[in-house]
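A short worksheet on the structure shown next.
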Amino acid sequence: MKRSIVILAAVVATAPFFLARADEGLWLFNNFPKEMVASKYHFQVSDAFLNHLQLASVRFNNGGSGSFVSEHGLLFTNHHVGLDCIQKLSTSDHDYTANGFFAADHAAEAPCPDLEVNVLLRIRDVTAEVKGAAKGAANPAEVNKQRKAAMSQIEKACTAETSHRCDVVTLYSGGVYNLYEYKKYTDVRLVFAPEFDIAQFGGDPDNFTYPRYDLDFAFFRAYENGKPAEVKDWLHWSHAGVQDKELTFVSGNPGTTGRLATYSELEFSRDVAYPLLYDRLGSLIAALQAYRAESAENSRVGKENLFSMQNSYKAYTGFLRGLRDPALMKAKLDQETKLRAAIAADPAKQKQFGALWDDVAAAYAEYGGFLKQHFLFERAPAIGSDLYTIARQVLRYSEETRKPNAERLREYAESNLPAVEQAMYSTEPLTDSMEIAVLANTFTFMRAQLGEDDATIKAMLNGQTPEQAARGYVTTSKLKDVAERQRLAKDLDAVMASDDGMIRLARILDGPARKCRKEFEDKVEAALTQSKAKLAQARFAAYGTSEYPDATFTLRLTYGPVVGYKNASGQAVPYTTTLDGLYKRATGVEPYRLPQRWLDAKDKLNLSTPYNFVTTTDTHGGNSGSPTVNEKNEVIGILFDGNIEGLPNRFVFTDVDARSVHVASQGIVEALRKVYKADRVVKELGME
């Protein structure tokens with residue numbers, strides 16, 4: 001079950017397109033700028049190239065990307081994308097996070113408890129169907145409701161017809177709606193993972209920096225009917241590997257961007273939304289660090305949770321740095337001023353579009369009045385607690401599935417239920433002590449934000465300290481038993497009568513959460529969707545319709561060369577690091593500690609082998625695990641990070657010193673051969 005970090009500012013998909021500079025662009029596969037690439041790089045991207053890369057690319061449902069790299073369903077992604085599964089498969093006796101994992105044969109490949117991967121098969125425009133369903137609605141709130149109902153019905157019909165996963169995706173702030181049809185794999189097994197110390201070498205201090213020395217990759221395998229999946233489209237491994245200055249392509253699923261958010265949206269993110277999430281993450285990180293320090297077992301159990309929170313915290317450090325940069329904000333304001341002037345120059349356009357920016361600002365001002373409650377009760381009530389997530393799923397599943405499909409919360413629509421059930425009935429291990437630590441911190445943070453006199457806080461704590469309340473809820477719950485979850489989820493009356501501790505907590509928070517959600521959807525989301533869909537039309541009128549939409553955790557393609565840069569001190573940073581640099585960086589002390597097998601293998605390795613490298617490709621959170629391919633559609637690496645200079649690219653793209661960071665294919669093969677002796681994987685990659 002993924003630990004999802006909520007993006008507060010991106011409450012509605014942001015405005016649609018950006019006048020491309022440099023190699024900017026989160027391009028849709030069905031609207032890729034072939035002419036731009038041909039003109040600049042003298043390489044013609046064919047339909048066959050795009051179709052093959054699309055069908056070889058996958059989306060991991062825990063927030064990452066990946067690809068098929070053999071005809072037998074071998075999946076290539078980041079170690080940190082796979083870490084959730086690796087942690088769940090680990091025990092105190094077999095700690096695969098610490099010691100790594102390698103299956104000697106298919107029989108030893110370990111099933112992940114709740115992992116799903118998706119392959120995008122086709123896209124269909126359903127804009128007319130979605131918008132048509134809302135015609136004649138009395139107000140924006142009713143329009144929003146009817147539009148969502150139509151999306152659920154379209155998805156249900158598609159799933160019934162194809163047996164595939166079907167998602168209606170909102171693009172261009174509601175200007176366009178596309179139906180994405182996915183083939184899904186729910187039997188996904190771990191094949192190979194290196195040790196955490198080498199996969200995440202440098203830890204939090206080196207995160208979002210470069211030069212880097214991470215072996216951040218893992219292999220999984222998709223199965224169908226109990227056998228390795230046979231796939232037609234998969235990516236061959238490059239024998240040459242990454243080369244300086246070569247053109248690269250990165251195919252993956254970036255999460256969210258705000259390239260054309262209005263100035264008032266960015267101010268809201270900077271001053272209200274991001275600081276709240278930033279503080280929440282900081283508080284939880286401190287709690288998890290204290291928890292891990294209590295014992296070796298606590299350290300093992302809490303490792304992945306802490307890693308996830310620290311990664312998000314550092315990302316928001318970079319986002320806030322960008323939003324607090326006067327030059328960036330001035331650039332955004334200048335863009336908006338230019339567009340508004342173009343609209344104002346035409347009286348008809350000014351009448352149609354002139355007030356939109358003020359309408360967006362008014363919607364965010366409305367949201368500011370209840371943002372804290374919406375965030376704490378509905379959007380992210382217990383970050384880091386898998387047990388609470390399960391409890392709320394059981395409660396809402398039992399209630400929502402009683403309703404007609406069109407009236408349900410979107411995540412419980414008919415077509416989404418298989419994914420909900422897979423997560424809700426996961427066999428992942430749950431540890432009381434960590435759940436108590438996380439919930440105690442959650443309650444403390446909620447009380448500090450809302451005050452001890454808040455009615456929900458009072459009901460939640462019931463006169464106890466946060467630690468006492470958390471312990472009571474966790475230790476009186478039976479939800480670690482999957483059979484108990486299944487029993488309750490099918491019976492709303494049983495859920496409402498249950499004295500299970502976590503179900504009681506879910507019931508206490510659910511009323512206020514649903515109230516905040518309705519207020520948000522009716523007053524904020526409805527107004528923003530209406531205003532920003534029209535704002536999209538204004539941009540179409542001014543600039544045309546050939547640009548890319550902001551990221552939506554759907555498949556996109558970016559491109560750019562392998563190239564170094566100059567850092568803030570003016571020093572040249574080369575395009576690649578080497579294995580020699582890894583050993584020079586190692587100190588023997590965490591997080592710069594090498595696993596023993598790496599120390600033993602040093603003399604066998606070619607230390608000049610490329611290890612990590614950088615490109616100008618336009619990538620973002622969600623792209624983790626994306627394959628990096630050359631002009632032959634061959635794997636030359638895997639995207640795992642960006643540098644700190646690139647984090648403000650969330651709002652304004654630049655490739656001056658912003659870089660995407662990848663693991664080189666040469667370094668991966670060298671490690672598989674000489675450190676891990678993983679010959680069967682090397683052979684399957686065609687590199688024996």
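To be explicit about the labels: the chains of the structure tokens are called A, B, and onward in the order shown, and within each one the residues are counted from 1, while ligands get numbers from 1 in the order they are shown.
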Within 9 Å of Arg165 (chain A) using only C-alpha atoms, minus same-chain residues under 5 positions, as an NGL selection string: :A and (118 or 155 or 158-159 or 180-184 or 415-416)
File dump, residues just selected, C-alpha atoms, as an mmCIF file, in the first residue's frame:
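Writing the result to result-v5.cif gives the following:
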```cif
data_model
loop_
_atom_site.group_PDB
_atom_site.id
_atom_site.type_symbol
_atom_site.label_atom_id
_atom_site.label_comp_id
_atom_site.auth_asym_id
_atom_site.auth_seq_id
_atom_site.Cartn_x
_atom_site.Cartn_y
_atom_site.Cartn_z
ATOM 1 C CA ASN A 118 -0.438 -0.689 -15.897
ATOM 2 C CA GLU A 155 -15.101 4.068 -16.998
ATOM 3 C CA CYS A 158 -15.135 0.577 -20.771
ATOM 4 C CA THR A 159 -14.122 -1.888 -18.042
ATOM 5 C CA TYR A 180 -7.126 5.900 -20.925
ATOM 6 C CA GLU A 181 -7.412 2.132 -21.294
ATOM 7 C CA TYR A 182 -4.770 0.067 -19.495
ATOM 8 C CA LYS A 183 -3.817 -3.563 -19.409
ATOM 9 C CA LYS A 184 -3.127 -4.293 -15.755
ATOM 10 C CA SER A 415 -14.143 0.498 -12.344
ATOM 11 C CA ASN A 416 -11.834 1.395 -9.429
#
```
Which of region 224-443 of chain A DSSP labels alpha helix (DSSP H), written as a PyMOL selection string: chain A and resi 263-268+274-292+296-323+326-344+347-353+356-368+371-373+386-400+417-424+432-443
As a PyMOL selection string, list the residues of region 482-604 of chain A assigned to strand (DSSP E or B) by DSSP on the backbone atoms of this structure. chain A and resi 556-562+565-566+572-573+576-578
Give me the residues of region 249-347 of chain A that have any atom at most 10 Å from an atom of region 21-26 of chain A; for each, the nearest atom pair and the distance in Å, rounded to one decimal. Use only C-alpha atoms, sort by chain and number, and format it as a tab-separated table.
```
residue	atom	partner	partner_atom	distance
A:Val250	CA	A:Leu26	CA	9.9
A:Ser251	CA	A:Leu26	CA	9.6
A:Gly252	CA	A:Leu26	CA	9.5
A:Asn253	CA	A:Leu26	CA	9.3
A:Pro254	CA	A:Leu26	CA	8.0
A:Thr257	CA	A:Leu26	CA	9.5
```
Can you tell me how far CA of Glu435 (chain A) sits from CA of Leu387 (chain A), in Å to one decimal?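 It comes out at 7.0 Å.
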Within 10 Å of Gly472 (chain A) using only C-alpha atoms, minus same-chain residues under 5 positions, as a list of chain:residue names: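 Those residues are A:Ile436, A:Gln464, A:Pro466, A:Glu467, A:Ser477, A:Gly501, A:Met502.
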Grab the residues selected above and save them as a PDB file, in the first residue's frame with N, CA and C atoms.
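Okay, this is what ended up in part.pdb:
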```
ATOM      1  N   ILE A 436       1.382   3.122  16.265  1.00  0.00           N
ATOM      2  CA  ILE A 436       1.133   3.954  17.444  1.00  0.00           C
ATOM      3  C   ILE A 436       1.970   5.226  17.375  1.00  0.00           C
ATOM      4  N   GLN A 464      -7.731  11.827  26.517  1.00  0.00           N
ATOM      5  CA  GLN A 464      -6.445  11.142  26.636  1.00  0.00           C
ATOM      6  C   GLN A 464      -5.330  11.952  25.979  1.00  0.00           C
ATOM      7  N   PRO A 466      -2.281  12.198  23.195  1.00  0.00           N
ATOM      8  CA  PRO A 466      -2.180  11.609  21.852  1.00  0.00           C
ATOM      9  C   PRO A 466      -1.598  10.198  21.870  1.00  0.00           C
ATOM     10  N   GLU A 467      -0.607   9.956  22.701  1.00  0.00           N
ATOM     11  CA  GLU A 467       0.002   8.626  22.751  1.00  0.00           C
ATOM     12  C   GLU A 467      -0.963   7.595  23.318  1.00  0.00           C
ATOM     13  N   SER A 477      -7.716  -3.055  17.735  1.00  0.00           N
ATOM     14  CA  SER A 477      -8.149  -3.297  16.358  1.00  0.00           C
ATOM     15  C   SER A 477      -7.778  -4.703  15.916  1.00  0.00           C
ATOM     16  N   GLY A 501     -11.026  -0.648  17.317  1.00  0.00           N
ATOM     17  CA  GLY A 501     -10.418   0.644  17.596  1.00  0.00           C
ATOM     18  C   GLY A 501     -10.205   1.498  16.361  1.00  0.00           C
ATOM     19  N   MET A 502      -9.637   0.938  15.309  1.00  0.00           N
ATOM     20  CA  MET A 502      -9.349   1.735  14.117  1.00  0.00           C
ATOM     21  C   MET A 502     -10.611   2.072  13.338  1.00  0.00           C
TER      22      MET A 502
END
```
For a test of reading the model, state the distance in Å between CA of Thr615 (chain A) and CA of Lys566 (chain A), rounded to one decimal.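 These two atoms are separated by 13.2 Å.
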Using 10 Å as the limit and counting only C-alpha atoms, can you tabulate each residue of region 342-433 of chain A that touches region 284-305 of chain A, with its shortest atom-to-atom distance in Å and the two atoms involved, as JSON lines?
```
{"residue": "A:Ala382", "atom": "CA", "partner": "A:Leu284", "partner_atom": "CA", "distance": 9.9}
{"residue": "A:Ile383", "atom": "CA", "partner": "A:Leu284", "partner_atom": "CA", "distance": 8.3}
{"residue": "A:Gly384", "atom": "CA", "partner": "A:Asn305", "partner_atom": "CA", "distance": 6.4}
{"residue": "A:Ser385", "atom": "CA", "partner": "A:Asn305", "partner_atom": "CA", "distance": 9.2}
{"residue": "A:Pro429", "atom": "CA", "partner": "A:Val301", "partner_atom": "CA", "distance": 9.6}
{"residue": "A:Leu430", "atom": "CA", "partner": "A:Val301", "partner_atom": "CA", "distance": 9.2}
{"residue": "A:Thr431", "atom": "CA", "partner": "A:Val301", "partner_atom": "CA", "distance": 7.6}
{"residue": "A:Ser433", "atom": "CA", "partner": "A:Asn298", "partner_atom": "CA", "distance": 8.1}
```
What lies within 8 Å of Pro574 (chain A) using only C-alpha atoms, ignoring chain neighbours under 6 positions off, as a PyMOL selection string? chain A and resi 563-565
So which one's closest to Gln596 (chain A), A:Asn99, A:Thr444, A:Gly258, A:Ser70? Using only C-alpha atoms, please.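 Closest residue, counting only C-alpha atoms: A:Asn99.
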Would you tabulate, counting only C-alpha atoms, all residues of region 293-346 of chain A that have an atom at most 6 Å from an atom of region 647-665 of chain A, showing the closest pair of atoms and their distance in Å to one decimal, sorted by chain then ascending number, as JSON lines?
```
{"residue": "A:Gly318", "atom": "CA", "partner": "A:Leu647", "partner_atom": "CA", "distance": 5.2}
{"residue": "A:Phe319", "atom": "CA", "partner": "A:Pro648", "partner_atom": "CA", "distance": 5.4}
{"residue": "A:Gly322", "atom": "CA", "partner": "A:Pro648", "partner_atom": "CA", "distance": 4.7}
```
Would you pick out the contacts of Ile154 (chain A) at 9 Å or less, using only C-alpha atoms, so that residues sharing its chain but fewer than 4 positions from it are not included, and give the list as a PDB file with N, CA and C atoms, in the first residue's frame?
```pdb
ATOM      1  N   VAL A 126     -13.145  11.702 -24.860  1.00  0.00           N
ATOM      2  CA  VAL A 126     -14.533  11.612 -24.390  1.00  0.00           C
ATOM      3  C   VAL A 126     -15.025  12.967 -23.898  1.00  0.00           C
ATOM      4  N   GLU A 129     -18.755  13.673 -24.334  1.00  0.00           N
ATOM      5  CA  GLU A 129     -19.606  12.881 -23.435  1.00  0.00           C
ATOM      6  C   GLU A 129     -19.597  13.453 -22.017  1.00  0.00           C
ATOM      7  N   VAL A 130     -18.426  13.827 -21.540  1.00  0.00           N
ATOM      8  CA  VAL A 130     -18.323  14.333 -20.168  1.00  0.00           C
ATOM      9  C   VAL A 130     -18.989  15.693 -20.054  1.00  0.00           C
ATOM     10  N   ALA A 149     -20.080  12.085 -12.397  1.00  0.00           N
ATOM     11  CA  ALA A 149     -20.942  10.919 -12.613  1.00  0.00           C
ATOM     12  C   ALA A 149     -20.740  10.357 -14.015  1.00  0.00           C
ATOM     13  N   ALA A 150     -20.622  11.247 -14.989  1.00  0.00           N
ATOM     14  CA  ALA A 150     -20.406  10.795 -16.370  1.00  0.00           C
ATOM     15  C   ALA A 150     -19.061  10.083 -16.504  1.00  0.00           C
ATOM     16  N   CYS A 158     -16.395   1.006 -20.152  1.00  0.00           N
ATOM     17  CA  CYS A 158     -15.135   0.577 -20.771  1.00  0.00           C
ATOM     18  C   CYS A 158     -14.606  -0.693 -20.103  1.00  0.00           C
ATOM     19  N   THR A 159     -14.617  -0.720 -18.772  1.00  0.00           N
ATOM     20  CA  THR A 159     -14.122  -1.888 -18.042  1.00  0.00           C
ATOM     21  C   THR A 159     -14.976  -3.115 -18.333  1.00  0.00           C
ATOM     22  N   CYS A 166      -9.780   1.293 -16.789  1.00  0.00           N
ATOM     23  CA  CYS A 166     -10.163   2.445 -17.600  1.00  0.00           C
ATOM     24  C   CYS A 166     -10.272   3.676 -16.717  1.00  0.00           C
ATOM     25  N   ASP A 167      -9.532   4.732 -17.062  1.00  0.00           N
ATOM     26  CA  ASP A 167      -9.536   5.973 -16.293  1.00  0.00           C
ATOM     27  C   ASP A 167      -9.858   7.134 -17.216  1.00  0.00           C
ATOM     28  N   VAL A 168     -10.823   7.964 -16.823  1.00  0.00           N
ATOM     29  CA  VAL A 168     -11.044   9.218 -17.535  1.00  0.00           C
ATOM     30  C   VAL A 168     -10.084  10.245 -16.951  1.00  0.00           C
ATOM     31  N   LEU A 179     -10.184   9.148 -22.278  1.00  0.00           N
ATOM     32  CA  LEU A 179     -10.325   7.843 -21.645  1.00  0.00           C
ATOM     33  C   LEU A 179      -9.055   7.049 -21.903  1.00  0.00           C
TER      34      LEU A 179
END
```
Nearest to Ala38 (chain A) among A:Leu505, A:Leu247, A:Ala141, A:Ala229, with distances taken over only C-alpha atoms: which residue is it?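 That would be A:Leu247, the residue with the smallest distance to Ala38 (chain A).
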Might you pull out every residue within 10 Å of Ala363 (chain A), with only C-alpha atoms counted and same-chain residues fewer than 4 positions away left off, and present them as a list in words? Ser264, Glu265, Asp358, Asp359, Tyr367, Gly368, Phe520, Lys523, Val524, Glu525, Ala526, Ala527, Leu528 and Ser531 of chain A
Between A:Phe377, A:Tyr543, A:Tyr676, A:Phe640, which residue has the minimum interatomic distance to Phe101 (chain A), considering only C-alpha atoms?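 Among A:Phe377, A:Tyr543, A:Tyr676, A:Phe640, it is A:Tyr676 that comes nearest to Phe101 (chain A).
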Considering only C-alpha atoms, return as a CSV table (one decimal) with C-alpha atoms, in the first residue's frame whatever protein or nucleic-acid residues lie within 9 Å of region 605-612 of chain A, sequence-local ones (same chain, fewer than 4 positions apart) excluded.
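Done, and the output landed in result.csv:
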```csv
chain,number,residue,atom,x,y,z
A,211,PRO,CA,27.3,14.2,-8.6
A,212,ARG,CA,25.5,11.0,-7.4
A,213,TYR,CA,26.5,7.4,-6.8
A,214,ASP,CA,23.3,5.4,-6.4
A,215,LEU,CA,22.5,2.0,-7.8
A,241,GLY,CA,25.5,2.3,-23.0
A,242,VAL,CA,25.2,6.0,-22.4
A,575,TYR,CA,27.9,14.3,-17.5
A,576,THR,CA,28.7,11.1,-15.7
A,577,THR,CA,30.2,9.7,-12.5
A,578,THR,CA,32.1,6.4,-12.3
A,579,LEU,CA,32.5,3.5,-10.0
A,580,ASP,CA,35.8,4.9,-9.0
A,581,GLY,CA,34.0,7.9,-7.6
A,582,LEU,CA,31.7,5.7,-5.6
A,583,TYR,CA,34.6,4.2,-3.7
A,601,ALA,CA,34.4,-6.9,-5.4
A,637,GLY,CA,19.8,4.0,-18.1
A,661,VAL,CA,19.7,12.1,-12.9
A,662,HIS,CA,19.9,8.5,-14.2
A,663,VAL,CA,21.7,5.2,-13.4
A,664,ALA,CA,23.8,4.2,-16.4
A,665,SER,CA,23.1,0.9,-18.0
A,666,GLN,CA,26.8,0.1,-18.1
A,667,GLY,CA,27.0,0.5,-14.3
A,668,ILE,CA,24.0,-1.8,-13.8
A,670,GLU,CA,28.9,-4.3,-14.3
A,671,ALA,CA,27.3,-4.6,-10.8
A,674,LYS,CA,30.8,-8.8,-10.9
A,675,VAL,CA,29.2,-7.9,-7.6
```
One residue among A:Ile86, A:Val360, A:Ala273, A:Ala218 is nearest to Gly625 (chain A) when using only C-alpha atoms, and that residue is A:Ala218
Nearest candidate to Asn62 (chain A) (options A:Met460, A:Ser624, A:Met434, A:Ala362; using only C-alpha atoms):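 Answer, going by the shortest atom-to-atom distance: A:Ser624.
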Out of A:Phe353, A:Thr256, A:Gly73, A:Tyr274, which residue has the shortest atom-to-atom distance to Lys227 (chain A) when counting only C-alpha atoms?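 Checking each candidate against Lys227 (chain A), we get A:Gly73 as the closest.
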